[in-house]
Amino acid sequence: MLKKVILGVVKSLFVSKRAVEHDGRLEKAEALMAEGDFRGAAEVYKGYLEEHPDHVGALNNYGAALGNMGDQAGAVAQFEKAYTLDDTYLPTLTNYAGSLADRKKSDEAERLLRQAWSCEPWFARVGLNYSAICLNRGEADRAVFFQLESWLANFDSLRHANGMMFKSAYADLPEAHLAGEHLLWGETLKQQANASEDVGEFVGEDWSGKRRIRVGYWSPDLRNHSVRYFFRPLLEGHDTEQFEIHVYHDFHAEDAQTELMKAASEHFHDVYELNDRDLRDLMRSHQLDVLVELAGHTSANRLPMLQNRLARVQLSGIGYPPTTGLREVDGKFVDPFILTDEADAFYTEEPFVLPNSFWCFDPKEDALINEEPPVERNGFVTFACVGNIAKMNGRIFGAWRQILDAVPRSRLLIRSISFEDQAALKKISAILEKAGLPLDRIDIKLPEGGKAFFDSYNEIDIILDTYPFNGGTTTCFATYMGVPVVTLYGQSLLSRMGLSIVANLGYPELAVPCEAEYVSVAIKIASDPAYIRRFRSEVRGRFQSSSIGSGKLFASDVEGVMRQWVTRADEGELQHVHRVHALPEGELISRAYKAAAYGKKESAERIIQHCFRHYPNSGGAHLFMAQQLASDGVDKAIEYLQSKLPILTSESDVVAALVVLCNWGMRTEQPTVVSEAKRRLAELDISDVIDRMQVDCLLLDGDAIADAGMSPMTSVERAKQVVFVVACDDQVHFDQVCANLHQLFPAGGRFVLKVVRTDLDRRSLAYQKAMDDATADIVVFMHGHVNVVDAGFLPKVEALLHDTDVVGFAGAELWDRFNWRDAGFARKFGGFMSPADESGYGDVKLVGDARTLARHGLAVLDGGLLAFCPATMRDIELDDEMIGGETLLEEEWVLRAGRSGIRLSAHRNLGVVVGVPPEGKSINAAPARMHAIEKLGLDPFDIRTPDRMFVSVPVASMAAGVRLVDRLCSPS
């Protein structure tokens, strides 16, 4: 059944564009989507679907537009309808899987995503939706890995970028790295039209205390959302005699909370239907002194609009702890407990320092505290953590284990909405057990709803906060309901929310700077029921008498600082320079290459320009730019790279630049460039093993090495019978391969050849027939994109088969990920040549750091070419379900052979040329991949970074390449 479903998906990939009426509307909608005008695109798709309601592509894209606008329910409805109409269309399949994940059915969603991956590995939507599944299961690091891949493939998509920023906040990353991630987004964001427009053109006269200050609040979360607990108190607390308040509701629906905020607003604007240009014009018409965006990088924001200044002062607050990354946002809500001397290293915005608390929490609902602590009722302490399980990590689990060990009979309650998904429940249980926590003392529950939600806090003695992403809303709820929160603080708002909350309430002893103190304080409070009782009895009053719980007091604080900032803006003094550090140089360069590989060349160049801004002498960035120039002419690229050599400082950068110059000089017949590059390389004392091997290859001139000739032939009783089975659908190409083999090994020589062709999808029958040939001494399986070009091939194979059972040109010592070729450089071994390009040069490519010609004891060999004695392999059955999966059939076959004791070896100088496999996908490719994944127990969603490195050197002839490798690996 699974194979049938996958085949259906694959068939859909072969269908040309869905049957459409080419009236131009779909093309227009796609263009609007690409520009980020989702509202405009949605309008076009909606009109089109009124006439063509069953058009799967339009339904899918309409859903994507709605999703980008924050209408998840509307998006899901479109995806479900599209999936019902055609469950084989890959974009719909992945989007439908995403909707299943949103509904906490991640097992079913993951099954569909695996199907999609088998059809199109690294299809961007697969990574995006799998990332969401990982986050919901508490695997933040995996979520970030796949979100990053998805973002780089869709670099200008705000939704993909938001996902990267938001999910990175959950991972246990250094806070400076998180700030650098946001800086990258802000500095590579496409500049919007009119972004530099003078604010004075639309704001009007300076404030100067002569009129009310005009303030706007903008959010998609003015509804029954956590933001309402903080925004309503502020909104209702404003002094409307001094401040004119505009509220911009940017969501597709309203509820009772929206109505309450609307009633409290002087000016309430529903702006969801407005496109960016119209919303910009509306806000500018209000001549705002201050605009506060409340969403940050959470869903349905329109942060890029802030490039087009919409107010004299632009602020970010309440809804998102990290920085926005945008230089056009002037300030970030913080307070004295959030602020540190190093604050400028974590926010691109200037800290908008409120005198007490950075927010105000008031649920505006009746909620009674039971002043009798649960420990007094139960006889044991109940610790708890309430919130997103993605915030929980190894260091927190370790601290919890110590706390439970030190407090006899204590229990830990974990509540999270994630547990609606049974897969998340299983995953967190496994994670807790692996961390050494006693599962028999842990209760895992869903949050309660309604009034029971507040009452559920009466079951808890002490909350144990998460780190580095502290609880925000959850910590406010806990303390509001009389539960002390032990919190660990770090360097920025993300990890200092807990400190701010407990310190504002007068309990600074609950916030600690290290894990040891976190454990110590939790144990101390657990042994002091009187402290717990006292906290429950007095904390509500402290809320009501301070800025953290009184909307009037908080609004007064906000208004006071706003007056100062508007005055500064009038005087031109908002000139903040942040000190946020960029991501590491190597990380930025790696991302640029990945973006380019996804076809996002312009995005990749923006990443490199960001790299130059912070690492002006980056050799890797200069090398990238040179490679981009080379696509338009190597001469300019050579000139550029030569000009940058003097500023390169690291050994690896210098080596890489000189190697590239040598390569380009050889291919364009510029001996001066080559000789100078080689001279400088020869002078370097290179420490890196791979770089040393690369340079030694270049310094060896294959054409200048004398041909030692064939080793003397030993007398043999008879010529060896060799059967070549060439898997190739192209008869003309096969004829060329056949002629080449007979030329290398002519009749009457040491080897008698029989060369047969087989179709790729029928090759197992031909393979078995060859192995059953009683006259064959050696059998060679060879794919059509592989060619033998050296007469030493068969003698080398024959000699090696005395000490091994199967010979290939490359392999690895393990197969523990879907593509074994992604293993580390040193865990692979092999060598081959690539075909000559238009310059006449091919390349010798080597992998594996051992300087030997052969390596034994490998676990898998490249299925492009395998040589063996037929009797050895005859009884190893071929798995026909692998057919269609490139060379999976052969590779899984030798893997099983190796596991049964058959010896596998690779020789890196067989004289083999490996070209690009023929274009076109077998309809069996996806089922073959899925079969391999299941049979071998592989994880297609592997987060280890693939190692695709080769030592590579240009050669003018294949013979020169063979001589070069012989000299490199057999020095005399």
# chains A, B, ... in the order shown; residues from 1 in each chain; ligands from 1
call {"tool": "residues_around", "arguments": {"residues": "segment 539-556 of chain A", "least_positions_apart": "5", "cutoff": "12 Å", "atoms": "only C-alpha atoms", "output": "ChimeraX atom specification"}}
result
/A:229-240,242-243,335,354-364,366-371,476-485,497,500-507,531-534,561-563
call {"tool": "residues_around", "arguments": {"residues": "Glu420 of chain A", "least_positions_apart": "4", "cutoff": "12 Å", "atoms": "only C-alpha atoms", "output": "mmCIF file with all heavy atoms, in the first residue's frame"}}
result
data_model
loop_
_atom_site.group_PDB
_atom_site.id
_atom_site.type_symbol
_atom_site.label_atom_id
_atom_site.label_comp_id
_atom_site.auth_asym_id
_atom_site.auth_seq_id
_atom_site.Cartn_x
_atom_site.Cartn_y
_atom_site.Cartn_z
ATOM 1 N N ALA A 101 0.314 18.179 11.774
ATOM 2 C CA ALA A 101 1.204 18.479 12.899
ATOM 3 C C ALA A 101 0.608 19.565 13.788
ATOM 4 O O ALA A 101 0.675 19.485 15.021
ATOM 5 C CB ALA A 101 2.579 18.894 12.387
ATOM 6 N N ASP A 102 0.013 20.586 13.164
ATOM 7 C CA ASP A 102 -0.626 21.653 13.944
ATOM 8 C C ASP A 102 -1.756 21.122 14.816
ATOM 9 O O ASP A 102 -2.045 21.675 15.875
ATOM 10 C CB ASP A 102 -1.174 22.739 13.014
ATOM 11 C CG ASP A 102 -0.066 23.542 12.355
ATOM 12 O OD1 ASP A 102 1.069 23.513 12.862
ATOM 13 O OD2 ASP A 102 -0.333 24.190 11.322
ATOM 14 N N ARG A 103 -2.374 20.042 14.343
ATOM 15 C CA ARG A 103 -3.473 19.435 15.108
ATOM 16 C C ARG A 103 -2.974 18.312 16.017
ATOM 17 O O ARG A 103 -3.743 17.485 16.487
ATOM 18 C CB ARG A 103 -4.543 18.916 14.143
ATOM 19 C CG ARG A 103 -5.371 20.037 13.515
ATOM 20 C CD ARG A 103 -6.311 19.499 12.457
ATOM 21 N NE ARG A 103 -5.629 19.138 11.228
ATOM 22 C CZ ARG A 103 -6.161 18.370 10.276
ATOM 23 N NH1 ARG A 103 -7.371 17.857 10.436
ATOM 24 N NH2 ARG A 103 -5.489 18.110 9.182
ATOM 25 N N LYS A 104 -1.673 18.327 16.266
ATOM 26 C CA LYS A 104 -1.034 17.393 17.206
ATOM 27 C C LYS A 104 -1.172 15.942 16.757
ATOM 28 O O LYS A 104 -1.352 15.042 17.556
ATOM 29 C CB LYS A 104 -1.609 17.587 18.615
ATOM 30 C CG LYS A 104 -1.501 19.007 19.141
ATOM 31 C CD LYS A 104 -0.039 19.430 19.268
ATOM 32 C CE LYS A 104 0.100 20.772 19.979
ATOM 33 N NZ LYS A 104 -0.320 21.912 19.168
ATOM 34 N N LYS A 105 -1.069 15.716 15.438
ATOM 35 C CA LYS A 105 -1.052 14.367 14.889
ATOM 36 C C LYS A 105 0.277 14.153 14.183
ATOM 37 O O LYS A 105 0.353 13.871 12.995
ATOM 38 C CB LYS A 105 -2.216 14.169 13.910
ATOM 39 C CG LYS A 105 -3.604 14.320 14.549
ATOM 40 C CD LYS A 105 -4.705 14.142 13.510
ATOM 41 C CE LYS A 105 -6.091 14.278 14.143
ATOM 42 N NZ LYS A 105 -7.179 14.114 13.140
ATOM 43 N N SER A 106 1.351 14.283 14.956
ATOM 44 C CA SER A 106 2.664 14.347 14.327
ATOM 45 C C SER A 106 3.130 13.002 13.776
ATOM 46 O O SER A 106 3.915 12.972 12.823
ATOM 47 C CB SER A 106 3.696 14.892 15.313
ATOM 48 O OG SER A 106 3.927 13.993 16.365
ATOM 49 N N ASN A 136 7.571 20.803 18.624
ATOM 50 C CA ASN A 136 6.454 20.365 19.467
ATOM 51 C C ASN A 136 6.820 19.153 20.314
ATOM 52 O O ASN A 136 6.248 18.932 21.372
ATOM 53 C CB ASN A 136 5.239 20.035 18.599
ATOM 54 C CG ASN A 136 4.001 19.789 19.420
ATOM 55 O OD1 ASN A 136 3.543 20.666 20.152
ATOM 56 N ND2 ASN A 136 3.448 18.584 19.340
ATOM 57 N N ARG A 137 7.797 18.367 19.859
ATOM 58 C CA ARG A 137 8.231 17.193 20.616
ATOM 59 C C ARG A 137 9.361 17.522 21.592
ATOM 60 O O ARG A 137 9.915 16.636 22.230
ATOM 61 C CB ARG A 137 8.695 16.097 19.652
ATOM 62 C CG ARG A 137 7.580 15.492 18.823
ATOM 63 C CD ARG A 137 8.144 14.466 17.844
ATOM 64 N NE ARG A 137 7.100 13.817 17.072
ATOM 65 C CZ ARG A 137 7.335 12.951 16.088
ATOM 66 N NH1 ARG A 137 8.583 12.623 15.780
ATOM 67 N NH2 ARG A 137 6.337 12.389 15.421
ATOM 68 N N ARG A 415 3.390 20.253 32.796
ATOM 69 C CA ARG A 415 2.176 20.508 32.015
ATOM 70 C C ARG A 415 2.547 21.220 30.718
ATOM 71 O O ARG A 415 3.290 22.202 30.728
ATOM 72 C CB ARG A 415 1.194 21.387 32.786
ATOM 73 C CG ARG A 415 0.464 20.707 33.923
ATOM 74 C CD ARG A 415 -0.644 21.610 34.454
ATOM 75 N NE ARG A 415 -1.339 21.063 35.599
ATOM 76 C CZ ARG A 415 -2.384 20.240 35.527
ATOM 77 N NH1 ARG A 415 -2.833 19.858 34.327
ATOM 78 N NH2 ARG A 415 -2.965 19.810 36.615
ATOM 79 N N SER A 416 2.002 20.723 29.618
ATOM 80 C CA SER A 416 2.268 21.368 28.326
ATOM 81 C C SER A 416 1.178 21.002 27.336
ATOM 82 O O SER A 416 0.699 19.871 27.306
ATOM 83 C CB SER A 416 3.626 20.933 27.768
ATOM 84 O OG SER A 416 3.843 21.489 26.483
ATOM 85 N N ALA A 424 4.608 13.413 21.135
ATOM 86 C CA ALA A 424 5.357 14.320 22.006
ATOM 87 C C ALA A 424 5.431 13.765 23.419
ATOM 88 O O ALA A 424 6.461 13.876 24.104
ATOM 89 C CB ALA A 424 4.715 15.701 22.010
ATOM 90 N N LEU A 425 4.351 13.163 23.850
ATOM 91 C CA LEU A 425 4.314 12.546 25.181
ATOM 92 C C LEU A 425 5.348 11.424 25.284
ATOM 93 O O LEU A 425 6.097 11.323 26.256
ATOM 94 C CB LEU A 425 2.905 12.011 25.455
ATOM 95 C CG LEU A 425 2.617 11.476 26.848
ATOM 96 C CD1 LEU A 425 2.814 12.554 27.899
ATOM 97 C CD2 LEU A 425 1.176 10.956 26.908
ATOM 98 N N LYS A 426 5.406 10.581 24.262
ATOM 99 C CA LYS A 426 6.388 9.494 24.256
ATOM 100 C C LYS A 426 7.810 10.039 24.204
ATOM 101 O O LYS A 426 8.715 9.535 24.883
ATOM 102 C CB LYS A 426 6.138 8.585 23.043
ATOM 103 C CG LYS A 426 4.844 7.792 23.103
ATOM 104 C CD LYS A 426 4.665 6.976 21.813
ATOM 105 C CE LYS A 426 3.320 6.254 21.796
ATOM 106 N NZ LYS A 426 3.102 5.547 20.500
ATOM 107 N N ILE A 444 2.952 13.834 34.034
ATOM 108 C CA ILE A 444 2.905 14.572 32.772
ATOM 109 C C ILE A 444 1.441 14.794 32.413
ATOM 110 O O ILE A 444 0.694 13.835 32.216
ATOM 111 C CB ILE A 444 3.638 13.801 31.663
ATOM 112 C CG1 ILE A 444 5.115 13.607 32.053
ATOM 113 C CG2 ILE A 444 3.525 14.527 30.335
ATOM 114 C CD1 ILE A 444 5.906 12.780 31.069
ATOM 115 N N LYS A 445 1.043 16.054 32.326
ATOM 116 C CA LYS A 445 -0.367 16.367 32.109
ATOM 117 C C LYS A 445 -0.526 17.509 31.114
ATOM 118 O O LYS A 445 0.381 18.323 30.911
ATOM 119 C CB LYS A 445 -1.038 16.768 33.428
ATOM 120 C CG LYS A 445 -1.074 15.694 34.487
ATOM 121 C CD LYS A 445 -1.791 16.195 35.739
ATOM 122 C CE LYS A 445 -1.851 15.139 36.830
ATOM 123 N NZ LYS A 445 -2.568 15.633 38.034
ATOM 124 N N LEU A 446 -1.736 17.573 30.564
ATOM 125 C CA LEU A 446 -2.118 18.727 29.751
ATOM 126 C C LEU A 446 -2.517 19.885 30.657
ATOM 127 O O LEU A 446 -2.913 19.667 31.807
ATOM 128 C CB LEU A 446 -3.308 18.362 28.855
ATOM 129 C CG LEU A 446 -3.019 17.510 27.626
ATOM 130 C CD1 LEU A 446 -4.317 16.949 27.068
ATOM 131 C CD2 LEU A 446 -2.296 18.340 26.571
ATOM 132 N N PRO A 447 -2.433 21.121 30.165
ATOM 133 C CA PRO A 447 -2.942 22.246 30.951
ATOM 134 C C PRO A 447 -4.459 22.141 31.105
ATOM 135 O O PRO A 447 -5.148 21.596 30.235
ATOM 136 C CB PRO A 447 -2.566 23.468 30.115
ATOM 137 C CG PRO A 447 -1.558 22.988 29.128
ATOM 138 C CD PRO A 447 -1.856 21.550 28.892
ATOM 139 N N GLU A 448 -4.952 22.651 32.197
ATOM 140 C CA GLU A 448 -6.401 22.735 32.381
ATOM 141 C C GLU A 448 -6.928 23.923 31.591
ATOM 142 O O GLU A 448 -6.181 24.814 31.180
ATOM 143 C CB GLU A 448 -6.737 22.899 33.869
ATOM 144 C CG GLU A 448 -6.273 21.747 34.749
ATOM 145 C CD GLU A 448 -7.123 20.501 34.560
ATOM 146 O OE1 GLU A 448 -8.123 20.559 33.825
ATOM 147 O OE2 GLU A 448 -6.766 19.459 35.143
#
call {"tool": "select_by_dssp", "arguments": {"residues": "segment 731-818 of chain A", "states": "strand (DSSP E or B)", "output": "list in words"}}
result
Phe751, Val752, Leu753, Lys754, Val755, Val756, Arg757, Thr758, Ile778, Val779, Val780, Phe781, Met782, His783, Val786, Asn787, Val788, Val806, Val807, Gly808, Ala810, Gly811 and Ala812 of chain A
call {"tool": "write_last_selection", "arguments": {"atoms": "N, CA, C and O atoms", "output": "mmCIF file, in the first residue's frame"}}
result
data_model
loop_
_atom_site.group_PDB
_atom_site.id
_atom_site.type_symbol
_atom_site.label_atom_id
_atom_site.label_comp_id
_atom_site.auth_asym_id
_atom_site.auth_seq_id
_atom_site.Cartn_x
_atom_site.Cartn_y
_atom_site.Cartn_z
ATOM 1 N N PHE A 751 43.062 -10.742 -21.010
ATOM 2 C CA PHE A 751 41.671 -10.795 -20.579
ATOM 3 C C PHE A 751 40.755 -10.936 -21.791
ATOM 4 O O PHE A 751 40.938 -10.250 -22.801
ATOM 5 N N VAL A 752 39.795 -11.829 -21.663
ATOM 6 C CA VAL A 752 38.782 -12.014 -22.705
ATOM 7 C C VAL A 752 37.494 -11.407 -22.190
ATOM 8 O O VAL A 752 36.982 -11.795 -21.137
ATOM 9 N N LEU A 753 36.979 -10.429 -22.950
ATOM 10 C CA LEU A 753 35.840 -9.660 -22.465
ATOM 11 C C LEU A 753 34.522 -10.127 -23.058
ATOM 12 O O LEU A 753 34.455 -10.513 -24.235
ATOM 13 N N LYS A 754 33.499 -10.050 -22.257
ATOM 14 C CA LYS A 754 32.119 -10.168 -22.697
ATOM 15 C C LYS A 754 31.383 -8.974 -22.100
ATOM 16 O O LYS A 754 31.319 -8.829 -20.886
ATOM 17 N N VAL A 755 30.880 -8.091 -22.938
ATOM 18 C CA VAL A 755 30.241 -6.861 -22.466
ATOM 19 C C VAL A 755 28.765 -6.892 -22.849
ATOM 20 O O VAL A 755 28.438 -7.030 -24.046
ATOM 21 N N VAL A 756 27.889 -6.791 -21.864
ATOM 22 C CA VAL A 756 26.447 -6.840 -22.127
ATOM 23 C C VAL A 756 25.784 -5.601 -21.526
ATOM 24 O O VAL A 756 26.240 -5.046 -20.526
ATOM 25 N N ARG A 757 24.723 -5.205 -22.179
ATOM 26 C CA ARG A 757 23.953 -4.056 -21.704
ATOM 27 C C ARG A 757 22.679 -4.539 -21.033
ATOM 28 O O ARG A 757 22.094 -5.546 -21.426
ATOM 29 N N THR A 758 22.234 -3.787 -20.018
ATOM 30 C CA THR A 758 20.944 -4.058 -19.400
ATOM 31 C C THR A 758 20.250 -2.741 -19.092
ATOM 32 O O THR A 758 20.909 -1.744 -18.783
ATOM 33 N N ILE A 778 35.884 -13.156 -13.594
ATOM 34 C CA ILE A 778 35.622 -11.870 -12.931
ATOM 35 C C ILE A 778 34.360 -11.282 -13.539
ATOM 36 O O ILE A 778 34.168 -11.334 -14.766
ATOM 37 N N VAL A 779 33.508 -10.738 -12.697
ATOM 38 C CA VAL A 779 32.320 -10.017 -13.157
ATOM 39 C C VAL A 779 32.444 -8.568 -12.707
ATOM 40 O O VAL A 779 32.851 -8.288 -11.566
ATOM 41 N N VAL A 780 32.112 -7.657 -13.609
ATOM 42 C CA VAL A 780 32.132 -6.230 -13.286
ATOM 43 C C VAL A 780 30.738 -5.661 -13.545
ATOM 44 O O VAL A 780 30.225 -5.755 -14.666
ATOM 45 N N PHE A 781 30.127 -5.127 -12.497
ATOM 46 C CA PHE A 781 28.867 -4.387 -12.656
ATOM 47 C C PHE A 781 29.250 -2.920 -12.827
ATOM 48 O O PHE A 781 29.995 -2.365 -12.009
ATOM 49 N N MET A 782 28.726 -2.281 -13.841
ATOM 50 C CA MET A 782 29.116 -0.905 -14.118
ATOM 51 C C MET A 782 27.921 -0.111 -14.624
ATOM 52 O O MET A 782 27.224 -0.554 -15.547
ATOM 53 N N HIS A 783 27.660 1.044 -14.028
ATOM 54 C CA HIS A 783 26.598 1.922 -14.511
ATOM 55 C C HIS A 783 27.101 2.742 -15.690
ATOM 56 O O HIS A 783 28.306 2.970 -15.843
ATOM 57 N N VAL A 786 29.668 5.614 -15.496
ATOM 58 C CA VAL A 786 31.030 5.260 -15.079
ATOM 59 C C VAL A 786 31.748 4.649 -16.282
ATOM 60 O O VAL A 786 31.170 3.872 -17.035
ATOM 61 N N ASN A 787 32.996 4.998 -16.434
ATOM 62 C CA ASN A 787 33.753 4.476 -17.574
ATOM 63 C C ASN A 787 35.165 4.124 -17.122
ATOM 64 O O ASN A 787 35.746 4.803 -16.268
ATOM 65 N N VAL A 788 35.704 3.061 -17.685
ATOM 66 C CA VAL A 788 37.085 2.651 -17.422
ATOM 67 C C VAL A 788 37.962 3.230 -18.523
ATOM 68 O O VAL A 788 37.667 3.058 -19.709
ATOM 69 N N VAL A 806 35.431 -8.222 -3.080
ATOM 70 C CA VAL A 806 34.760 -7.267 -3.968
ATOM 71 C C VAL A 806 35.599 -5.997 -4.005
ATOM 72 O O VAL A 806 36.042 -5.495 -2.967
ATOM 73 N N VAL A 807 35.788 -5.462 -5.209
ATOM 74 C CA VAL A 807 36.604 -4.262 -5.396
ATOM 75 C C VAL A 807 35.735 -3.161 -5.997
ATOM 76 O O VAL A 807 34.964 -3.405 -6.935
ATOM 77 N N GLY A 808 35.888 -1.952 -5.467
ATOM 78 C CA GLY A 808 35.227 -0.773 -6.030
ATOM 79 C C GLY A 808 36.197 0.378 -6.059
ATOM 80 O O GLY A 808 37.345 0.262 -5.601
ATOM 81 N N ALA A 810 35.426 3.379 -4.634
ATOM 82 C CA ALA A 810 35.207 4.209 -3.450
ATOM 83 C C ALA A 810 34.265 3.481 -2.503
ATOM 84 O O ALA A 810 33.463 2.624 -2.921
ATOM 85 N N GLY A 811 34.338 3.851 -1.240
ATOM 86 C CA GLY A 811 33.458 3.242 -0.253
ATOM 87 C C GLY A 811 33.616 3.933 1.088
ATOM 88 O O GLY A 811 34.299 4.957 1.219
ATOM 89 N N ALA A 812 32.981 3.374 2.106
ATOM 90 C CA ALA A 812 33.030 3.949 3.445
ATOM 91 C C ALA A 812 33.069 2.838 4.477
ATOM 92 O O ALA A 812 32.645 1.711 4.212
#
call {"tool": "closest_residue", "arguments": {"among": "A:Leu437, A:Val375, A:Cys662, A:Leu895", "to": "Ile525 of chain A", "atoms": "only C-alpha atoms"}}
result
A:Val375
call {"tool": "closest_atom_pairs", "arguments": {"of": "segment 268-301 of chain A", "to": "segment 165-170 of chain A", "cutoff": "12 Å", "atoms": "only C-alpha atoms", "output": "JSON lines"}}
result
{"residue": "A:Ala295", "atom": "CA", "partner": "A:Phe166", "partner_atom": "CA", "distance": 11.1}
{"residue": "A:Gly296", "atom": "CA", "partner": "A:Phe166", "partner_atom": "CA", "distance": 9.1}
{"residue": "A:His297", "atom": "CA", "partner": "A:Phe166", "partner_atom": "CA", "distance": 6.2}
{"residue": "A:Thr298", "atom": "CA", "partner": "A:Phe166", "partner_atom": "CA", "distance": 6.6}
{"residue": "A:Ser299", "atom": "CA", "partner": "A:Phe166", "partner_atom": "CA", "distance": 9.1}
call {"tool": "write_last_selection", "arguments": {"atoms": "C-alpha atoms", "output": "PDB file, in the first residue's frame"}}
result
ATOM      1  CA  ALA A 295       4.793  40.731  17.749  1.00  0.00           C
ATOM      2  CA  GLY A 296       8.500  40.577  16.946  1.00  0.00           C
ATOM      3  CA  HIS A 297       9.208  37.445  14.932  1.00  0.00           C
ATOM      4  CA  THR A 298       6.097  35.596  16.075  1.00  0.00           C
ATOM      5  CA  SER A 299       3.547  34.527  13.477  1.00  0.00           C
TER       6      SER A 299
END
call {"tool": "residues_around", "arguments": {"residues": "segment 940-945 of chain A", "least_positions_apart": "6", "cutoff": "8 Å", "atoms": "only C-alpha atoms", "output": "ChimeraX atom specification"}}
result
/A:114,117,142,145-146,817-818,822,933
call {"tool": "write_last_selection", "arguments": {"atoms": "all heavy atoms", "output": "compact mmCIF listing (two decimals), in the first residue's frame"}}
result
# COMPACT_ATOMS: atom_id res chain seq x y z
N ARG A 114 7.95 11.75 5.36
CA ARG A 114 8.94 10.77 4.91
C ARG A 114 8.65 10.36 3.46
O ARG A 114 9.57 10.17 2.66
CB ARG A 114 8.94 9.56 5.82
CG ARG A 114 9.65 9.80 7.15
CD ARG A 114 9.50 8.63 8.11
NE ARG A 114 10.23 8.87 9.33
CZ ARG A 114 11.48 8.45 9.58
NH1 ARG A 114 12.11 7.73 8.65
NH2 ARG A 114 12.09 8.71 10.70
N TRP A 117 9.81 13.23 1.37
CA TRP A 117 11.27 13.26 1.30
C TRP A 117 11.78 12.21 0.33
O TRP A 117 12.74 12.46 -0.42
CB TRP A 117 11.86 13.01 2.69
CG TRP A 117 13.35 13.13 2.73
CD1 TRP A 117 14.08 14.23 3.05
CD2 TRP A 117 14.30 12.10 2.42
NE1 TRP A 117 15.43 13.96 2.96
CE2 TRP A 117 15.59 12.65 2.58
CE3 TRP A 117 14.20 10.77 2.04
CZ2 TRP A 117 16.75 11.92 2.35
CZ3 TRP A 117 15.35 10.03 1.81
CH2 TRP A 117 16.62 10.61 1.97
N ARG A 142 17.03 19.97 16.77
CA ARG A 142 16.64 19.40 15.48
C ARG A 142 15.74 20.37 14.72
O ARG A 142 15.85 20.53 13.51
CB ARG A 142 15.92 18.07 15.68
CG ARG A 142 16.83 16.92 16.08
CD ARG A 142 16.06 15.64 16.31
NE ARG A 142 15.48 15.08 15.10
CZ ARG A 142 16.13 14.34 14.21
NH1 ARG A 142 17.41 14.08 14.40
NH2 ARG A 142 15.52 13.86 13.15
N PHE A 145 17.85 22.99 13.04
CA PHE A 145 18.60 22.46 11.89
C PHE A 145 17.75 22.46 10.64
O PHE A 145 18.17 22.96 9.58
CB PHE A 145 19.09 21.05 12.21
CG PHE A 145 19.82 20.39 11.06
CD1 PHE A 145 21.18 20.55 10.93
CD2 PHE A 145 19.15 19.62 10.13
CE1 PHE A 145 21.87 19.96 9.87
CE2 PHE A 145 19.82 19.02 9.07
CZ PHE A 145 21.18 19.19 8.94
N PHE A 146 16.55 21.91 10.72
CA PHE A 146 15.71 21.80 9.53
C PHE A 146 15.09 23.14 9.15
O PHE A 146 14.85 23.41 7.97
CB PHE A 146 14.65 20.72 9.73
CG PHE A 146 15.22 19.34 9.70
CD1 PHE A 146 15.48 18.64 10.87
CD2 PHE A 146 15.57 18.75 8.50
CE1 PHE A 146 16.05 17.38 10.84
CE2 PHE A 146 16.15 17.49 8.46
CZ PHE A 146 16.39 16.80 9.63
N ARG A 817 23.79 6.77 7.66
CA ARG A 817 22.87 7.82 7.24
C ARG A 817 22.43 7.50 5.83
O ARG A 817 23.05 6.67 5.18
CB ARG A 817 23.52 9.20 7.34
CG ARG A 817 24.78 9.36 6.53
CD ARG A 817 25.41 10.73 6.74
NE ARG A 817 26.35 10.73 7.85
CZ ARG A 817 26.92 11.83 8.31
NH1 ARG A 817 26.64 13.01 7.77
NH2 ARG A 817 27.78 11.78 9.30
N PHE A 818 21.35 8.15 5.36
CA PHE A 818 20.78 7.71 4.09
C PHE A 818 21.82 7.70 2.99
O PHE A 818 21.94 6.73 2.24
CB PHE A 818 19.59 8.58 3.68
CG PHE A 818 19.04 8.17 2.35
CD1 PHE A 818 18.28 7.02 2.22
CD2 PHE A 818 19.31 8.90 1.21
CE1 PHE A 818 17.80 6.60 0.99
CE2 PHE A 818 18.84 8.50 -0.03
CZ PHE A 818 18.08 7.35 -0.14
N ASP A 822 27.92 11.06 2.73
CA ASP A 822 27.95 12.24 3.59
C ASP A 822 28.79 12.04 4.84
O ASP A 822 28.93 12.95 5.65
CB ASP A 822 26.52 12.63 4.01
CG ASP A 822 25.70 13.15 2.85
OD1 ASP A 822 26.29 13.55 1.84
OD2 ASP A 822 24.46 13.14 2.95
N ILE A 933 15.39 3.11 3.56
CA ILE A 933 15.30 3.74 4.88
C ILE A 933 14.76 2.76 5.91
O ILE A 933 15.29 2.62 7.01
CB ILE A 933 14.39 4.99 4.80
CG1 ILE A 933 15.12 6.12 4.05
CG2 ILE A 933 13.97 5.46 6.19
CD1 ILE A 933 14.21 7.26 3.66
call {"tool": "closest_residue", "arguments": {"among": "A:Val407, A:Leu135, A:Leu464, A:Ala626", "to": "Asp528 of chain A", "atoms": "only C-alpha atoms"}}
result
A:Val407
